[in-house]
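Notes follow the structure.
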Amino acid sequence: MFRKSHTLMPGILLVAATIFPFSWAGAQAVSLQEQLAAQYKLVKMGSDTSGYSVVEKGTLLAIQKGGILSVPYGDQNVLANKYEGGTIHAPSGLAMMGRKSLMGKFGKEQTTHLFAVGDKVYPMKIDVNVAKDTVTLGIVACDTCNKTDPPTYNKANVVFQFPKGSLANAAAGGVEDTIGQVLSISNEDAQQDQGGQQQPAEQPAAEPASIEKGMTPDQVEAAMGKPEKKVTLGAKQIYYYKDMKVIFMSGKVSDVQ
């Protein structure tokens with residue numbers, strides 16, 4: 001019995017050695033996914049009889065490189081644009097032909113749109129694939145920001161290709177820097193975040209109104225406002241306020257009660 005168990009040990013160790021690396025890679029993928037999700041808030045889209053609309057805004061991003069090909073939000077297929085080596089690679093010709101054929105079957109024309117540098121978009125999804133060393137961001141146009149009328153909410157996928165074997169141990173900050181080369185967080189979004197954190201400055205307390213002997217009725221009204229009631233008794237005049245009355249003699253304050 002002892003010999004049989006001893007023989008099995010190397011096999012068990014070999015199996016464990018082949019399983020654990022994948023487990024660690026999976027854990028890293030989850031961690032990176034969570035960190036990116038915390039950095040990029042996803043937009044929530046909705047639809048009704050009038051069409052599609054943004055239900056809840058996400059992190060506003062600005063396009064930094066041209067060449068990202070998109071399709072209207074209602075299209076089922078989303079075009080994949082690869083970013084590698086500092087360059088945007090548009091979808092392959094085969095992918096475009098396949099899309100054209102599919103659209104033709106439904107009697108629809110093929111409609112695509114190239115995002116311009118400076119266009120604003122929201123992130124729709126984030127997908128980290130450690131095995132392929134890719135991070136995919138699904139994006140949709142902020143039509144109100146881009147002044148697109150009628151709105152189309154064009155969408156696209158941007159696949160960030162990292163060097164082989166590098167994503168398993170990549171820091172989230174480095175990945176975000178690479179994403180920022182194509183999709184940087186908009187200054188408008190940053191200003192909104194800062195504005196939401198700022199507290200309104202406290203207004204200095206107004207000095208209490210004061211009345212002095214010798215003041216004229218006009219000066220009293222400038223300090224206290226219009227009285228609720230005025231009573232004139234010859235040279236004597238009385239201004240009634242909520243909690244006080246001001247007495248004038250010959251047009252000058254003589255007493256306050």
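Identifiers in this document derive from the order of the structure tokens: chains are assigned A, B, ..., residues are numbered from 1 separately in each chain, and ligands are numbered from 1 in order of occurrence.
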At a cut-off of 12 Å, using only C-alpha atoms, what residues contact Ser210 in chain A? Leave out same-chain residues fewer than 2 positions from it and give the result as a short mmCIF file (atom, residue, chain, number, x, y, z; two decimals) with N, CA, C and O atoms, in the first residue's frame.
```cif
data_model
loop_
_atom_site.label_atom_id
_atom_site.label_comp_id
_atom_site.auth_asym_id
_atom_site.auth_seq_id
_atom_site.Cartn_x
_atom_site.Cartn_y
_atom_site.Cartn_z
N ALA A 206 -25.03 88.57 7.75
CA ALA A 206 -25.35 89.99 7.56
C ALA A 206 -25.36 90.70 8.92
O ALA A 206 -25.79 90.14 9.93
N GLU A 207 -24.82 91.88 8.91
CA GLU A 207 -24.81 92.65 10.16
C GLU A 207 -26.23 93.05 10.53
O GLU A 207 -27.04 93.40 9.66
N PRO A 208 -26.58 92.95 11.84
CA PRO A 208 -27.93 93.32 12.24
C PRO A 208 -28.20 94.80 11.97
O PRO A 208 -27.32 95.65 12.09
N GLU A 212 -30.47 104.57 14.97
CA GLU A 212 -29.92 105.54 15.91
C GLU A 212 -30.80 106.79 15.94
O GLU A 212 -31.50 107.11 14.96
N LYS A 213 -30.73 107.48 17.05
CA LYS A 213 -31.47 108.74 17.17
C LYS A 213 -30.99 109.73 16.12
O LYS A 213 -29.81 109.80 15.82
N MET A 215 -31.98 109.66 12.97
CA MET A 215 -32.16 109.13 11.61
C MET A 215 -33.49 109.59 11.05
O MET A 215 -34.47 109.78 11.77
N GLN A 219 -33.97 106.79 6.06
CA GLN A 219 -32.83 106.01 6.54
C GLN A 219 -33.31 104.78 7.32
O GLN A 219 -32.72 103.70 7.23
N VAL A 220 -34.37 104.93 8.08
CA VAL A 220 -34.92 103.80 8.84
C VAL A 220 -35.47 102.73 7.88
O VAL A 220 -35.24 101.53 8.05
N GLU A 221 -36.18 103.17 6.85
CA GLU A 221 -36.73 102.21 5.89
C GLU A 221 -35.62 101.51 5.12
O GLU A 221 -35.74 100.33 4.77
N ALA A 222 -34.53 102.21 4.85
CA ALA A 222 -33.40 101.58 4.16
C ALA A 222 -32.79 100.48 5.03
O ALA A 222 -32.32 99.46 4.52
N ALA A 223 -32.82 100.68 6.35
CA ALA A 223 -32.23 99.70 7.26
C ALA A 223 -33.20 98.59 7.64
O ALA A 223 -32.83 97.43 7.74
N MET A 224 -34.48 98.94 7.82
CA MET A 224 -35.46 97.98 8.36
C MET A 224 -36.49 97.51 7.35
O MET A 224 -37.19 96.53 7.59
N GLY A 225 -36.58 98.21 6.22
CA GLY A 225 -37.63 97.88 5.28
C GLY A 225 -38.89 98.67 5.58
O GLY A 225 -38.95 99.49 6.50
N VAL A 246 -40.82 102.54 15.98
CA VAL A 246 -39.86 103.64 15.89
C VAL A 246 -40.64 104.94 15.94
O VAL A 246 -41.58 105.15 15.15
N VAL A 256 -37.02 104.41 20.27
CA VAL A 256 -37.31 103.09 19.72
C VAL A 256 -37.83 102.23 20.85
O VAL A 256 -37.20 102.13 21.91
#
```
* To do: From a DSSP pass on the backbone, collect the residues of range 54-245 of chain A flagged as strand (DSSP E or B) and hand them back as a VMD selection string.
  => chain A and resid 54 to 56 61 to 63 69 to 71 80 to 84 87 to 89 113 to 114 120 to 129 134 to 141 155 to 161 183 to 185 229 to 233 236 to 240 245
* Apply DSSP to the backbone of this structure and, from range 81-173 of chain A, keep only the residues in helix (DSSP H, G or I); write these as a count of residues only. => 22
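By only C-alpha atoms, and with residues fewer than 6 positions from Leu61 in chain A along its chain excluded, the set lying at most 8 Å from it is A:Lys120, A:Val121, A:Tyr122, A:Pro123, A:Leu183, A:Ser184, A:Ile185, A:Ser186, A:Asp189.
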Keeping only C-alpha atoms, write those residues as a PDB file, in the first residue's frame.
```pdb
ATOM      1  CA  LYS A 120     -17.349  62.076 -26.387  1.00  0.00           C
ATOM      2  CA  VAL A 121     -18.421  58.533 -25.524  1.00  0.00           C
ATOM      3  CA  TYR A 122     -19.504  56.478 -22.528  1.00  0.00           C
ATOM      4  CA  PRO A 123     -18.156  53.013 -21.630  1.00  0.00           C
ATOM      5  CA  LEU A 183     -10.071  56.981 -24.566  1.00  0.00           C
ATOM      6  CA  SER A 184      -9.134  59.560 -21.956  1.00  0.00           C
ATOM      7  CA  ILE A 185     -11.415  60.674 -19.157  1.00  0.00           C
ATOM      8  CA  SER A 186     -12.932  63.950 -20.333  1.00  0.00           C
ATOM      9  CA  ASP A 189     -16.333  64.679 -16.376  1.00  0.00           C
TER      10      ASP A 189
END
```
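One distance worth recording is that between CA of Ala171 in chain A and CA of Gly138 in chain A, which is 20.9 Å.
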* Asked: Got a sec: who's within 8 Å of Tyr40 in chain A, counting only C-alpha atoms, leaving out chain neighbours fewer than 2 positions off, as a PyMOL selection string?
  -> chain A and resi 36-38+42+58-59+123
Can those selected residues be exported to a file as an mmCIF file, in the first residue's frame so that it contains N, CA, C and O atoms?
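out30.cif, freshly written:
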```
data_model
loop_
_atom_site.group_PDB
_atom_site.id
_atom_site.type_symbol
_atom_site.label_atom_id
_atom_site.label_comp_id
_atom_site.auth_asym_id
_atom_site.auth_seq_id
_atom_site.Cartn_x
_atom_site.Cartn_y
_atom_site.Cartn_z
ATOM 1 N N LEU A 36 -10.706 48.183 -12.941
ATOM 2 C CA LEU A 36 -11.112 48.962 -14.118
ATOM 3 C C LEU A 36 -12.578 49.380 -14.014
ATOM 4 O O LEU A 36 -12.941 50.486 -14.417
ATOM 5 N N ALA A 37 -13.403 48.491 -13.460
ATOM 6 C CA ALA A 37 -14.818 48.825 -13.292
ATOM 7 C C ALA A 37 -14.996 49.990 -12.321
ATOM 8 O O ALA A 37 -15.910 50.799 -12.458
ATOM 9 N N ALA A 38 -14.095 50.076 -11.339
ATOM 10 C CA ALA A 38 -14.156 51.189 -10.389
ATOM 11 C C ALA A 38 -13.726 52.506 -11.044
ATOM 12 O O ALA A 38 -14.192 53.582 -10.671
ATOM 13 N N LEU A 42 -19.962 52.417 -16.006
ATOM 14 C CA LEU A 42 -20.651 52.062 -17.238
ATOM 15 C C LEU A 42 -21.958 52.839 -17.377
ATOM 16 O O LEU A 42 -22.654 53.092 -16.392
ATOM 17 N N GLY A 58 -22.489 57.417 -17.677
ATOM 18 C CA GLY A 58 -21.279 56.775 -17.201
ATOM 19 C C GLY A 58 -20.130 57.771 -17.201
ATOM 20 O O GLY A 58 -20.335 58.979 -17.348
ATOM 21 N N THR A 59 -18.925 57.271 -17.036
ATOM 22 C CA THR A 59 -17.736 58.125 -17.099
ATOM 23 C C THR A 59 -17.601 58.671 -18.525
ATOM 24 O O THR A 59 -17.593 57.908 -19.485
ATOM 25 N N PRO A 123 -18.451 54.448 -21.599
ATOM 26 C CA PRO A 123 -18.156 53.013 -21.630
ATOM 27 C C PRO A 123 -19.425 52.205 -21.398
ATOM 28 O O PRO A 123 -20.227 52.543 -20.523
#
```
Within 12 Å of range 84-86 of chain A using only C-alpha atoms, minus same-chain residues under 3 positions, as a PDB file with N, CA and C atoms, in the first residue's frame:
```pdb
ATOM      1  N   GLN A  64      -9.222  60.029 -28.407  1.00  0.00           N
ATOM      2  CA  GLN A  64      -7.903  60.623 -28.616  1.00  0.00           C
ATOM      3  C   GLN A  64      -7.265  60.214 -29.952  1.00  0.00           C
ATOM      4  N   LYS A  65      -7.752  59.149 -30.552  1.00  0.00           N
ATOM      5  CA  LYS A  65      -7.215  58.683 -31.829  1.00  0.00           C
ATOM      6  C   LYS A  65      -8.367  58.379 -32.782  1.00  0.00           C
ATOM      7  N   GLY A  66      -8.234  58.837 -34.027  1.00  0.00           N
ATOM      8  CA  GLY A  66      -9.247  58.567 -35.033  1.00  0.00           C
ATOM      9  C   GLY A  66      -9.133  57.153 -35.568  1.00  0.00           C
ATOM     10  N   ASN A  81     -12.547  47.137 -33.005  1.00  0.00           N
ATOM     11  CA  ASN A  81     -11.383  47.894 -33.450  1.00  0.00           C
ATOM     12  C   ASN A  81     -10.222  47.554 -32.512  1.00  0.00           C
ATOM     13  N   HIS A  89      -6.441  49.620 -35.391  1.00  0.00           N
ATOM     14  CA  HIS A  89      -6.632  48.749 -36.554  1.00  0.00           C
ATOM     15  C   HIS A  89      -8.127  48.523 -36.725  1.00  0.00           C
ATOM     16  N   ALA A  90      -8.675  49.004 -37.845  1.00  0.00           N
ATOM     17  CA  ALA A  90     -10.102  48.886 -38.111  1.00  0.00           C
ATOM     18  C   ALA A  90     -10.481  47.421 -38.305  1.00  0.00           C
ATOM     19  N   ASP A 133      -4.591  38.234 -23.433  1.00  0.00           N
ATOM     20  CA  ASP A 133      -3.897  39.500 -23.162  1.00  0.00           C
ATOM     21  C   ASP A 133      -4.624  40.684 -23.787  1.00  0.00           C
ATOM     22  N   THR A 134      -5.957  40.694 -23.622  1.00  0.00           N
ATOM     23  CA  THR A 134      -6.744  41.793 -24.177  1.00  0.00           C
ATOM     24  C   THR A 134      -7.663  42.395 -23.109  1.00  0.00           C
ATOM     25  N   VAL A 135      -7.910  43.684 -23.262  1.00  0.00           N
ATOM     26  CA  VAL A 135      -8.942  44.383 -22.493  1.00  0.00           C
ATOM     27  C   VAL A 135      -9.852  45.054 -23.510  1.00  0.00           C
ATOM     28  N   VAL A 158     -13.521  48.557 -28.568  1.00  0.00           N
ATOM     29  CA  VAL A 158     -12.097  48.820 -28.756  1.00  0.00           C
ATOM     30  C   VAL A 158     -11.337  47.752 -27.976  1.00  0.00           C
ATOM     31  N   VAL A 159     -10.583  46.944 -28.701  1.00  0.00           N
ATOM     32  CA  VAL A 159      -9.836  45.837 -28.098  1.00  0.00           C
ATOM     33  C   VAL A 159      -8.385  46.275 -27.917  1.00  0.00           C
ATOM     34  N   PHE A 160      -7.961  46.390 -26.680  1.00  0.00           N
ATOM     35  CA  PHE A 160      -6.584  46.782 -26.381  1.00  0.00           C
ATOM     36  C   PHE A 160      -5.739  45.512 -26.269  1.00  0.00           C
ATOM     37  N   GLN A 161      -4.833  45.354 -27.220  1.00  0.00           N
ATOM     38  CA  GLN A 161      -3.982  44.161 -27.259  1.00  0.00           C
ATOM     39  C   GLN A 161      -2.662  44.437 -26.542  1.00  0.00           C
ATOM     40  N   PHE A 162      -2.376  43.644 -25.496  1.00  0.00           N
ATOM     41  CA  PHE A 162      -1.147  43.790 -24.726  1.00  0.00           C
ATOM     42  C   PHE A 162      -0.159  42.687 -25.123  1.00  0.00           C
ATOM     43  N   PRO A 163       1.138  42.900 -24.870  1.00  0.00           N
ATOM     44  CA  PRO A 163       2.133  41.881 -25.212  1.00  0.00           C
ATOM     45  C   PRO A 163       1.812  40.538 -24.560  1.00  0.00           C
ATOM     46  N   LYS A 164       2.171  39.477 -25.233  1.00  0.00           N
ATOM     47  CA  LYS A 164       1.849  38.126 -24.771  1.00  0.00           C
ATOM     48  C   LYS A 164       2.380  37.881 -23.360  1.00  0.00           C
ATOM     49  N   THR A 178      -2.701  52.905 -20.911  1.00  0.00           N
ATOM     50  CA  THR A 178      -2.829  52.464 -22.306  1.00  0.00           C
ATOM     51  C   THR A 178      -4.207  52.803 -22.854  1.00  0.00           C
ATOM     52  N   ILE A 179      -5.235  52.551 -22.058  1.00  0.00           N
ATOM     53  CA  ILE A 179      -6.596  52.904 -22.476  1.00  0.00           C
ATOM     54  C   ILE A 179      -6.698  54.405 -22.724  1.00  0.00           C
ATOM     55  N   GLY A 180      -6.042  55.194 -21.870  1.00  0.00           N
ATOM     56  CA  GLY A 180      -6.090  56.648 -21.983  1.00  0.00           C
ATOM     57  C   GLY A 180      -5.468  57.190 -23.260  1.00  0.00           C
ATOM     58  N   GLN A 181      -4.624  56.388 -23.916  1.00  0.00           N
ATOM     59  CA  GLN A 181      -4.054  56.818 -25.193  1.00  0.00           C
ATOM     60  C   GLN A 181      -5.127  56.905 -26.281  1.00  0.00           C
ATOM     61  N   VAL A 182      -6.216  56.172 -26.083  1.00  0.00           N
ATOM     62  CA  VAL A 182      -7.314  56.160 -27.051  1.00  0.00           C
ATOM     63  C   VAL A 182      -8.568  56.800 -26.486  1.00  0.00           C
TER      64      VAL A 182
END
```
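Distance annotation: of A:Gln39, A:Gln76, A:Thr49, A:Asn146, the residue with the minimal separation from Ala116 in chain A is A:Asn146; atom set is only C-alpha atoms.
Coordinates place CA of Val130 in chain A at a distance of 27.1 Å from CA of Val71 in chain A.
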* Determine, counting only C-alpha atoms, which protein, DNA and RNA residues have an atom within 12 Å of an atom of Lys147 in chain A; residues of the same chain fewer than 6 positions away are not included. Present the result as JSON, numbers by chain. => {"A": [119, 120, 141, 153]}
Residue selection dump (C-alpha atoms) as a tab-separated table (two decimals), in the first residue's frame:
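Writing done, so here's out00.tsv:
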```tsv
chain	number	residue	atom	x	y	z
A	119	ASP	CA	-15.90	62.96	-29.78
A	120	LYS	CA	-17.35	62.08	-26.39
A	141	ALA	CA	-21.57	57.95	-28.31
A	153	TYR	CA	-25.87	56.41	-30.20
```
